[in-house]
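Peer 1: model21.cif is reproduced in full below (mmCIF, C-alpha atoms).
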data_work
#
loop_
_atom_site.label_atom_id
_atom_site.label_comp_id
_atom_site.auth_asym_id
_atom_site.auth_seq_id
_atom_site.Cartn_x
_atom_site.Cartn_y
_atom_site.Cartn_z
CA MET A 1 21.74 -3.79 -0.45
CA LYS A 2 19.61 -1.77 1.96
CA ASN A 3 17.99 -3.12 5.11
CA PHE A 4 14.36 -2.54 4.12
CA LYS A 5 13.05 -3.51 7.58
CA LYS A 6 14.62 -0.37 9.05
CA LEU A 7 12.86 1.92 6.58
CA LYS A 8 9.92 3.79 8.09
CA VAL A 9 8.17 3.61 4.72
CA TRP A 10 8.35 -0.21 4.81
CA GLN A 11 7.17 -0.31 8.45
CA LYS A 12 4.22 1.95 7.60
CA GLY A 13 3.42 -0.32 4.64
CA LEU A 14 3.29 -3.28 7.02
CA ASP A 15 0.89 -1.35 9.27
CA ILE A 16 -1.25 -0.60 6.22
CA SER A 17 -1.43 -4.31 5.37
CA VAL A 18 -2.65 -5.14 8.87
CA ALA A 19 -5.22 -2.32 8.84
CA LEU A 20 -6.40 -3.28 5.37
CA TYR A 21 -6.94 -6.90 6.36
CA GLN A 22 -9.07 -5.65 9.26
CA VAL A 23 -11.17 -3.53 6.90
CA THR A 24 -11.53 -6.26 4.28
CA ALA A 25 -12.74 -8.65 6.98
CA LEU A 26 -15.85 -6.43 7.10
CA LEU A 27 -16.64 -6.94 3.40
CA PRO A 28 -19.46 -9.26 2.43
CA LYS A 29 -18.72 -12.83 1.35
CA THR A 30 -19.66 -11.90 -2.21
CA GLU A 31 -16.43 -9.85 -2.41
CA GLU A 32 -14.19 -12.75 -1.34
CA PHE A 33 -12.70 -13.08 -4.83
CA GLY A 34 -13.35 -9.52 -5.97
CA LEU A 35 -12.40 -6.34 -4.19
CA LYS A 36 -11.26 -8.12 -1.04
CA GLN A 37 -8.67 -10.26 -2.78
CA GLN A 38 -7.52 -7.42 -5.03
CA MET A 39 -7.07 -5.03 -2.11
CA GLN A 40 -5.15 -7.59 -0.07
CA LYS A 41 -2.78 -8.31 -2.96
CA ALA A 42 -2.16 -4.59 -3.45
CA ALA A 43 -1.45 -4.11 0.27
CA ILE A 44 1.10 -6.91 0.29
CA SER A 45 2.58 -5.42 -2.88
CA ILE A 46 3.55 -2.21 -1.05
CA THR A 47 6.00 -3.86 1.34
CA SER A 48 7.05 -6.49 -1.18
CA ASN A 49 8.11 -3.90 -3.74
CA ILE A 50 9.96 -1.80 -1.19
CA ALA A 51 11.80 -4.93 -0.05
CA GLU A 52 12.55 -6.14 -3.56
CA GLY A 53 13.73 -2.71 -4.65
CA SER A 54 16.09 -2.63 -1.68
CA SER A 55 17.90 -5.64 -3.12
CA ARG A 56 18.69 -3.86 -6.40
CA SER A 57 22.11 -2.43 -6.99
CA SER A 58 21.10 0.52 -9.15
CA ASN A 59 19.12 3.55 -8.04
CA LYS A 60 17.12 3.33 -11.27
CA ASP A 61 15.86 -0.16 -10.35
CA TYR A 62 15.27 0.82 -6.72
CA LYS A 63 13.22 3.83 -7.83
CA ARG A 64 11.16 1.67 -10.19
CA PHE A 65 10.14 -0.67 -7.35
CA LEU A 66 9.33 2.28 -5.09
CA GLU A 67 7.08 3.58 -7.87
CA TYR A 68 5.35 0.18 -8.00
CA ALA A 69 4.74 0.45 -4.24
CA LEU A 70 3.32 3.94 -4.73
CA GLY A 71 1.04 2.64 -7.47
CA SER A 72 -0.28 -0.01 -5.08
CA CYS A 73 -1.14 2.74 -2.59
CA PHE A 74 -3.17 4.57 -5.21
CA GLU A 75 -4.83 1.30 -6.22
CA ILE A 76 -5.90 0.60 -2.63
CA GLU A 77 -7.19 4.14 -2.16
CA SER A 78 -9.33 3.80 -5.27
CA GLN A 79 -10.67 0.43 -4.15
CA ILE A 80 -11.50 1.68 -0.67
CA LEU A 81 -13.40 4.62 -2.12
CA THR A 82 -15.26 2.17 -4.38
CA CYS A 83 -16.20 0.05 -1.36
CA VAL A 84 -17.54 3.11 0.45
CA GLN A 85 -19.53 4.24 -2.62
CA LEU A 86 -21.03 0.75 -2.92
CA ASN A 87 -21.91 0.81 0.80
CA LEU A 88 -19.83 -2.32 1.37
CA VAL A 89 -18.06 -0.66 4.29
CA SER A 90 -18.67 2.59 6.13
CA GLU A 91 -16.52 5.64 5.52
CA GLN A 92 -15.84 5.79 9.25
CA LYS A 93 -14.25 2.31 9.16
CA THR A 94 -11.87 3.38 6.38
CA MET A 95 -10.75 6.82 7.61
CA LEU A 96 -7.69 5.61 9.52
CA LEU A 97 -6.59 3.42 6.62
CA LEU A 98 -6.98 6.28 4.15
CA ASP A 99 -4.93 8.53 6.44
CA MET A 100 -2.22 5.87 6.65
CA LEU A 101 -2.19 5.56 2.86
CA THR A 102 -1.82 9.32 2.44
CA GLU A 103 1.14 9.33 4.80
CA GLU A 104 2.70 6.35 2.98
CA MET A 105 2.28 8.07 -0.38
CA LYS A 106 4.04 11.18 0.92
CA MET A 107 6.88 9.08 2.32
CA LEU A 108 7.26 7.18 -0.95
CA HIS A 109 7.23 10.40 -2.99
CA LYS A 110 9.98 11.81 -0.79
CA LEU A 111 12.07 8.65 -0.97
CA ILE A 112 11.64 8.43 -4.75
CA SER A 113 12.83 12.01 -5.12
CA MET A 114 15.83 11.31 -2.89
CA VAL A 115 16.81 8.20 -4.86
CA GLY A 116 16.79 10.13 -8.13
CA ASN A 117 17.71 8.33 -11.34
#
Could you quickly redo this structure as C-alpha cells?
Peer 2:
Amino acid sequence: MKNFKKLKVWQKGLDISVALYQVTALLPKTEEFGLKQQMQKAAISITSNIAEGSSRSSNKDYKRFLEYALGSCFEIESQILTCVQLNLVSEQKTMLLLDMLTEEMKMLHKLISMVGN
C-alpha cells in the first residue's frame, strides 16, 4: 500500500479540484445539473482514483486506476473547452485550470510509465 497523500500527482489533483470548483461557481444556474455537476464529479475522480489505485497490491491494478485518473483529466479539459466555446465562462478564467490539468496529465503519464505492467 502506498501513501497516496504524499504523491505530488495526488496533491496536484486536489489543487485541480479546488480550482475547478471555483470555475464552476461561475457557471449559470442552468448548468447546475449539466456541465457543472459532470465537471465536479470528474475532478473528484482524479484524486479518488489515485487513492484507490494506491491501495491495490498489483502494479497492473494500480496502473489501471492511474489511467482512470488520466481519463478524468481529459474529460475535464474537454468540458472546460466546451464551456468556453458556449461562452459560459471566459477563457481567461480557465487558463490556470487548463495549465494545472496539463501538468497533472504529464505527471500521470510519467507515473503510469514508471509503474509498468
Peer 1: Name the residues that the PyMOL selection byres ((chain A and resi 109) around 12) picks from the file above, as a list in words, using the file's chain letters and numbers.
Peer 2: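 The output of the PyMOL selection byres ((chain A and resi 109) around 12) on this file is Val9, Lys63, Arg64, Leu66, Glu67, Tyr68, Ala69, Leu70, Gly71, Cys73, Thr102, Glu103, Glu104, Met105, Lys106, Met107, Leu108, Lys110, Leu111, Ile112, Ser113, Met114, Val115 and Gly116 of chain A.
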Peer 1: For the selection just defined, write its residues with C-alpha atoms to a file, as an mmCIF file, in the coordinates of the input.
Peer 2:
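Contents of the output file selection-v5.cif:
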data_model
loop_
_atom_site.group_PDB
_atom_site.id
_atom_site.type_symbol
_atom_site.label_atom_id
_atom_site.label_comp_id
_atom_site.auth_asym_id
_atom_site.auth_seq_id
_atom_site.Cartn_x
_atom_site.Cartn_y
_atom_site.Cartn_z
ATOM 1 C CA VAL A 9 8.170 3.610 4.720
ATOM 2 C CA LYS A 63 13.220 3.830 -7.830
ATOM 3 C CA ARG A 64 11.160 1.670 -10.190
ATOM 4 C CA LEU A 66 9.330 2.280 -5.090
ATOM 5 C CA GLU A 67 7.080 3.580 -7.870
ATOM 6 C CA TYR A 68 5.350 0.180 -8.000
ATOM 7 C CA ALA A 69 4.740 0.450 -4.240
ATOM 8 C CA LEU A 70 3.320 3.940 -4.730
ATOM 9 C CA GLY A 71 1.040 2.640 -7.470
ATOM 10 C CA CYS A 73 -1.140 2.740 -2.590
ATOM 11 C CA THR A 102 -1.820 9.320 2.440
ATOM 12 C CA GLU A 103 1.140 9.330 4.800
ATOM 13 C CA GLU A 104 2.700 6.350 2.980
ATOM 14 C CA MET A 105 2.280 8.070 -0.380
ATOM 15 C CA LYS A 106 4.040 11.180 0.920
ATOM 16 C CA MET A 107 6.880 9.080 2.320
ATOM 17 C CA LEU A 108 7.260 7.180 -0.950
ATOM 18 C CA LYS A 110 9.980 11.810 -0.790
ATOM 19 C CA LEU A 111 12.070 8.650 -0.970
ATOM 20 C CA ILE A 112 11.640 8.430 -4.750
ATOM 21 C CA SER A 113 12.830 12.010 -5.120
ATOM 22 C CA MET A 114 15.830 11.310 -2.890
ATOM 23 C CA VAL A 115 16.810 8.200 -4.860
ATOM 24 C CA GLY A 116 16.790 10.130 -8.130
#
Peer 1: Using Å and a single decimal, report how far CA of Ile44 in chain A sits from CA of Val89 in chain A.
Peer 2: 20.5 Å
Peer 1: Given all atoms listed in the file as the basis, pick out the residue of A:Ser58, A:Thr94, A:Gly13, A:Pro28 nearest to Ala42 in chain A.
Peer 2: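 Nearest candidate to Ala42 in chain A out of A:Ser58, A:Thr94, A:Gly13, A:Pro28: A:Gly13.
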Peer 1: Assuming the chain letters and numbering stay as they are in my file, what does the PyMOL selection byres ((chain A and resi 14) around 10) actually select? List them as number ranges by chain.
Peer 2: A: 5, 8-13, 15-20, 43-44, 46-48
Peer 1: In Å, with one decimal, what is the gap from CA of Val84 in chain A to CA of Lys41 in chain A?
Peer 2: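 Taking CA of Val84 in chain A and CA of Lys41 in chain A, their separation equals 19.0 Å.
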Peer 1: Could you jot down the CA of Gln22 in chain A to CA of Leu101 in chain A separation for me, Å, one decimal place?
Peer 2: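 Calculated distance between CA of Gln22 in chain A and CA of Leu101 in chain A is 14.6 Å.
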Peer 1: Taking all atoms listed in the file into account, which of A:Val23, A:Phe65, A:Gln40, A:Lys60 comes nearest Gln92 in chain A?
Peer 2: A:Val23
Peer 1: For Ile80 in chain A, please output as a list in words all residues within 10 Å (counting all atoms listed in the file; exclusion window: fewer than 3 positions along the same chain).
Peer 2: Leu20, Val23, Thr24, Leu35, Lys36, Met39, Phe74, Glu75, Ile76, Glu77, Cys83, Val84, Gln85, Leu86, Leu88, Val89, Ser90, Glu91, Thr94, Met95, Leu97 and Leu98 of chain A
Peer 1: Select, from A:Tyr21, A:Gln79, A:Phe4, A:Thr30, the residue with the minimum atom-to-atom distance to Asn49 in chain A, counting only C-alpha atoms.
Peer 2: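 Closest residue, counting only C-alpha atoms: A:Phe4.
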Peer 1: For Gly34 in chain A, which residue out of A:Thr82, A:Lys2, A:Ile50, A:Ser57 is the nearest one, using all atoms listed in the file?
Peer 2: A:Thr82
Peer 1: For range 51-71 of chain A, supply N, CA and C atoms and format the output as a PDB file, in the frame of the given file.
Peer 2:
ATOM      1  N   ALA A  51      10.776  -3.941  -0.392  1.00  0.00           N
ATOM      2  CA  ALA A  51      11.800  -4.930  -0.050  1.00  0.00           C
ATOM      3  C   ALA A  51      12.583  -5.364  -1.289  1.00  0.00           C
ATOM      4  N   GLU A  52      11.878  -5.690  -2.354  1.00  0.00           N
ATOM      5  CA  GLU A  52      12.550  -6.140  -3.560  1.00  0.00           C
ATOM      6  C   GLU A  52      13.433  -5.034  -4.145  1.00  0.00           C
ATOM      7  N   GLY A  53      12.932  -3.830  -4.149  1.00  0.00           N
ATOM      8  CA  GLY A  53      13.730  -2.710  -4.650  1.00  0.00           C
ATOM      9  C   GLY A  53      14.995  -2.502  -3.840  1.00  0.00           C
ATOM     10  N   SER A  54      14.931  -2.776  -2.550  1.00  0.00           N
ATOM     11  CA  SER A  54      16.090  -2.630  -1.680  1.00  0.00           C
ATOM     12  C   SER A  54      17.214  -3.586  -2.051  1.00  0.00           C
ATOM     13  N   SER A  55      16.884  -4.656  -2.740  1.00  0.00           N
ATOM     14  CA  SER A  55      17.900  -5.640  -3.120  1.00  0.00           C
ATOM     15  C   SER A  55      18.621  -5.249  -4.410  1.00  0.00           C
ATOM     16  N   ARG A  56      18.119  -4.248  -5.101  1.00  0.00           N
ATOM     17  CA  ARG A  56      18.690  -3.860  -6.400  1.00  0.00           C
ATOM     18  C   ARG A  56      19.919  -2.986  -6.214  1.00  0.00           C
ATOM     19  N   SER A  57      20.853  -3.160  -7.112  1.00  0.00           N
ATOM     20  CA  SER A  57      22.110  -2.430  -6.990  1.00  0.00           C
ATOM     21  C   SER A  57      22.073  -1.035  -7.606  1.00  0.00           C
ATOM     22  N   SER A  58      21.159  -0.805  -8.529  1.00  0.00           N
ATOM     23  CA  SER A  58      21.100   0.520  -9.150  1.00  0.00           C
ATOM     24  C   SER A  58      19.952   1.346  -8.578  1.00  0.00           C
ATOM     25  N   ASN A  59      20.183   2.644  -8.509  1.00  0.00           N
ATOM     26  CA  ASN A  59      19.120   3.550  -8.040  1.00  0.00           C
ATOM     27  C   ASN A  59      17.934   3.536  -8.985  1.00  0.00           C
ATOM     28  N   LYS A  60      18.204   3.355 -10.280  1.00  0.00           N
ATOM     29  CA  LYS A  60      17.120   3.330 -11.270  1.00  0.00           C
ATOM     30  C   LYS A  60      16.164   2.168 -10.961  1.00  0.00           C
ATOM     31  N   ASP A  61      16.701   0.992 -10.683  1.00  0.00           N
ATOM     32  CA  ASP A  61      15.860  -0.160 -10.350  1.00  0.00           C
ATOM     33  C   ASP A  61      15.138   0.049  -9.022  1.00  0.00           C
ATOM     34  N   TYR A  62      15.870   0.566  -8.027  1.00  0.00           N
ATOM     35  CA  TYR A  62      15.270   0.820  -6.720  1.00  0.00           C
ATOM     36  C   TYR A  62      14.089   1.773  -6.864  1.00  0.00           C
ATOM     37  N   LYS A  63      14.279   2.847  -7.613  1.00  0.00           N
ATOM     38  CA  LYS A  63      13.220   3.830  -7.830  1.00  0.00           C
ATOM     39  C   LYS A  63      12.003   3.193  -8.501  1.00  0.00           C
ATOM     40  N   ARG A  64      12.261   2.332  -9.474  1.00  0.00           N
ATOM     41  CA  ARG A  64      11.160   1.670 -10.190  1.00  0.00           C
ATOM     42  C   ARG A  64      10.293   0.869  -9.212  1.00  0.00           C
ATOM     43  N   PHE A  65      10.917   0.117  -8.306  1.00  0.00           N
ATOM     44  CA  PHE A  65      10.140  -0.670  -7.350  1.00  0.00           C
ATOM     45  C   PHE A  65       9.421   0.216  -6.337  1.00  0.00           C
ATOM     46  N   LEU A  66      10.026   1.332  -5.965  1.00  0.00           N
ATOM     47  CA  LEU A  66       9.330   2.280  -5.090  1.00  0.00           C
ATOM     48  C   LEU A  66       8.108   2.855  -5.794  1.00  0.00           C
ATOM     49  N   GLU A  67       8.223   3.084  -7.092  1.00  0.00           N
ATOM     50  CA  GLU A  67       7.080   3.580  -7.870  1.00  0.00           C
ATOM     51  C   GLU A  67       5.977   2.527  -7.951  1.00  0.00           C
ATOM     52  N   TYR A  68       6.353   1.250  -8.027  1.00  0.00           N
ATOM     53  CA  TYR A  68       5.350   0.180  -8.000  1.00  0.00           C
ATOM     54  C   TYR A  68       4.605   0.205  -6.654  1.00  0.00           C
ATOM     55  N   ALA A  69       5.357   0.382  -5.571  1.00  0.00           N
ATOM     56  CA  ALA A  69       4.740   0.450  -4.240  1.00  0.00           C
ATOM     57  C   ALA A  69       3.774   1.626  -4.158  1.00  0.00           C
ATOM     58  N   LEU A  70       4.183   2.756  -4.707  1.00  0.00           N
ATOM     59  CA  LEU A  70       3.320   3.940  -4.730  1.00  0.00           C
ATOM     60  C   LEU A  70       2.050   3.658  -5.534  1.00  0.00           C
ATOM     61  N   GLY A  71       2.202   3.000  -6.657  1.00  0.00           N
ATOM     62  CA  GLY A  71       1.040   2.640  -7.470  1.00  0.00           C
ATOM     63  C   GLY A  71       0.063   1.762  -6.708  1.00  0.00           C
TER      64      GLY A  71
END
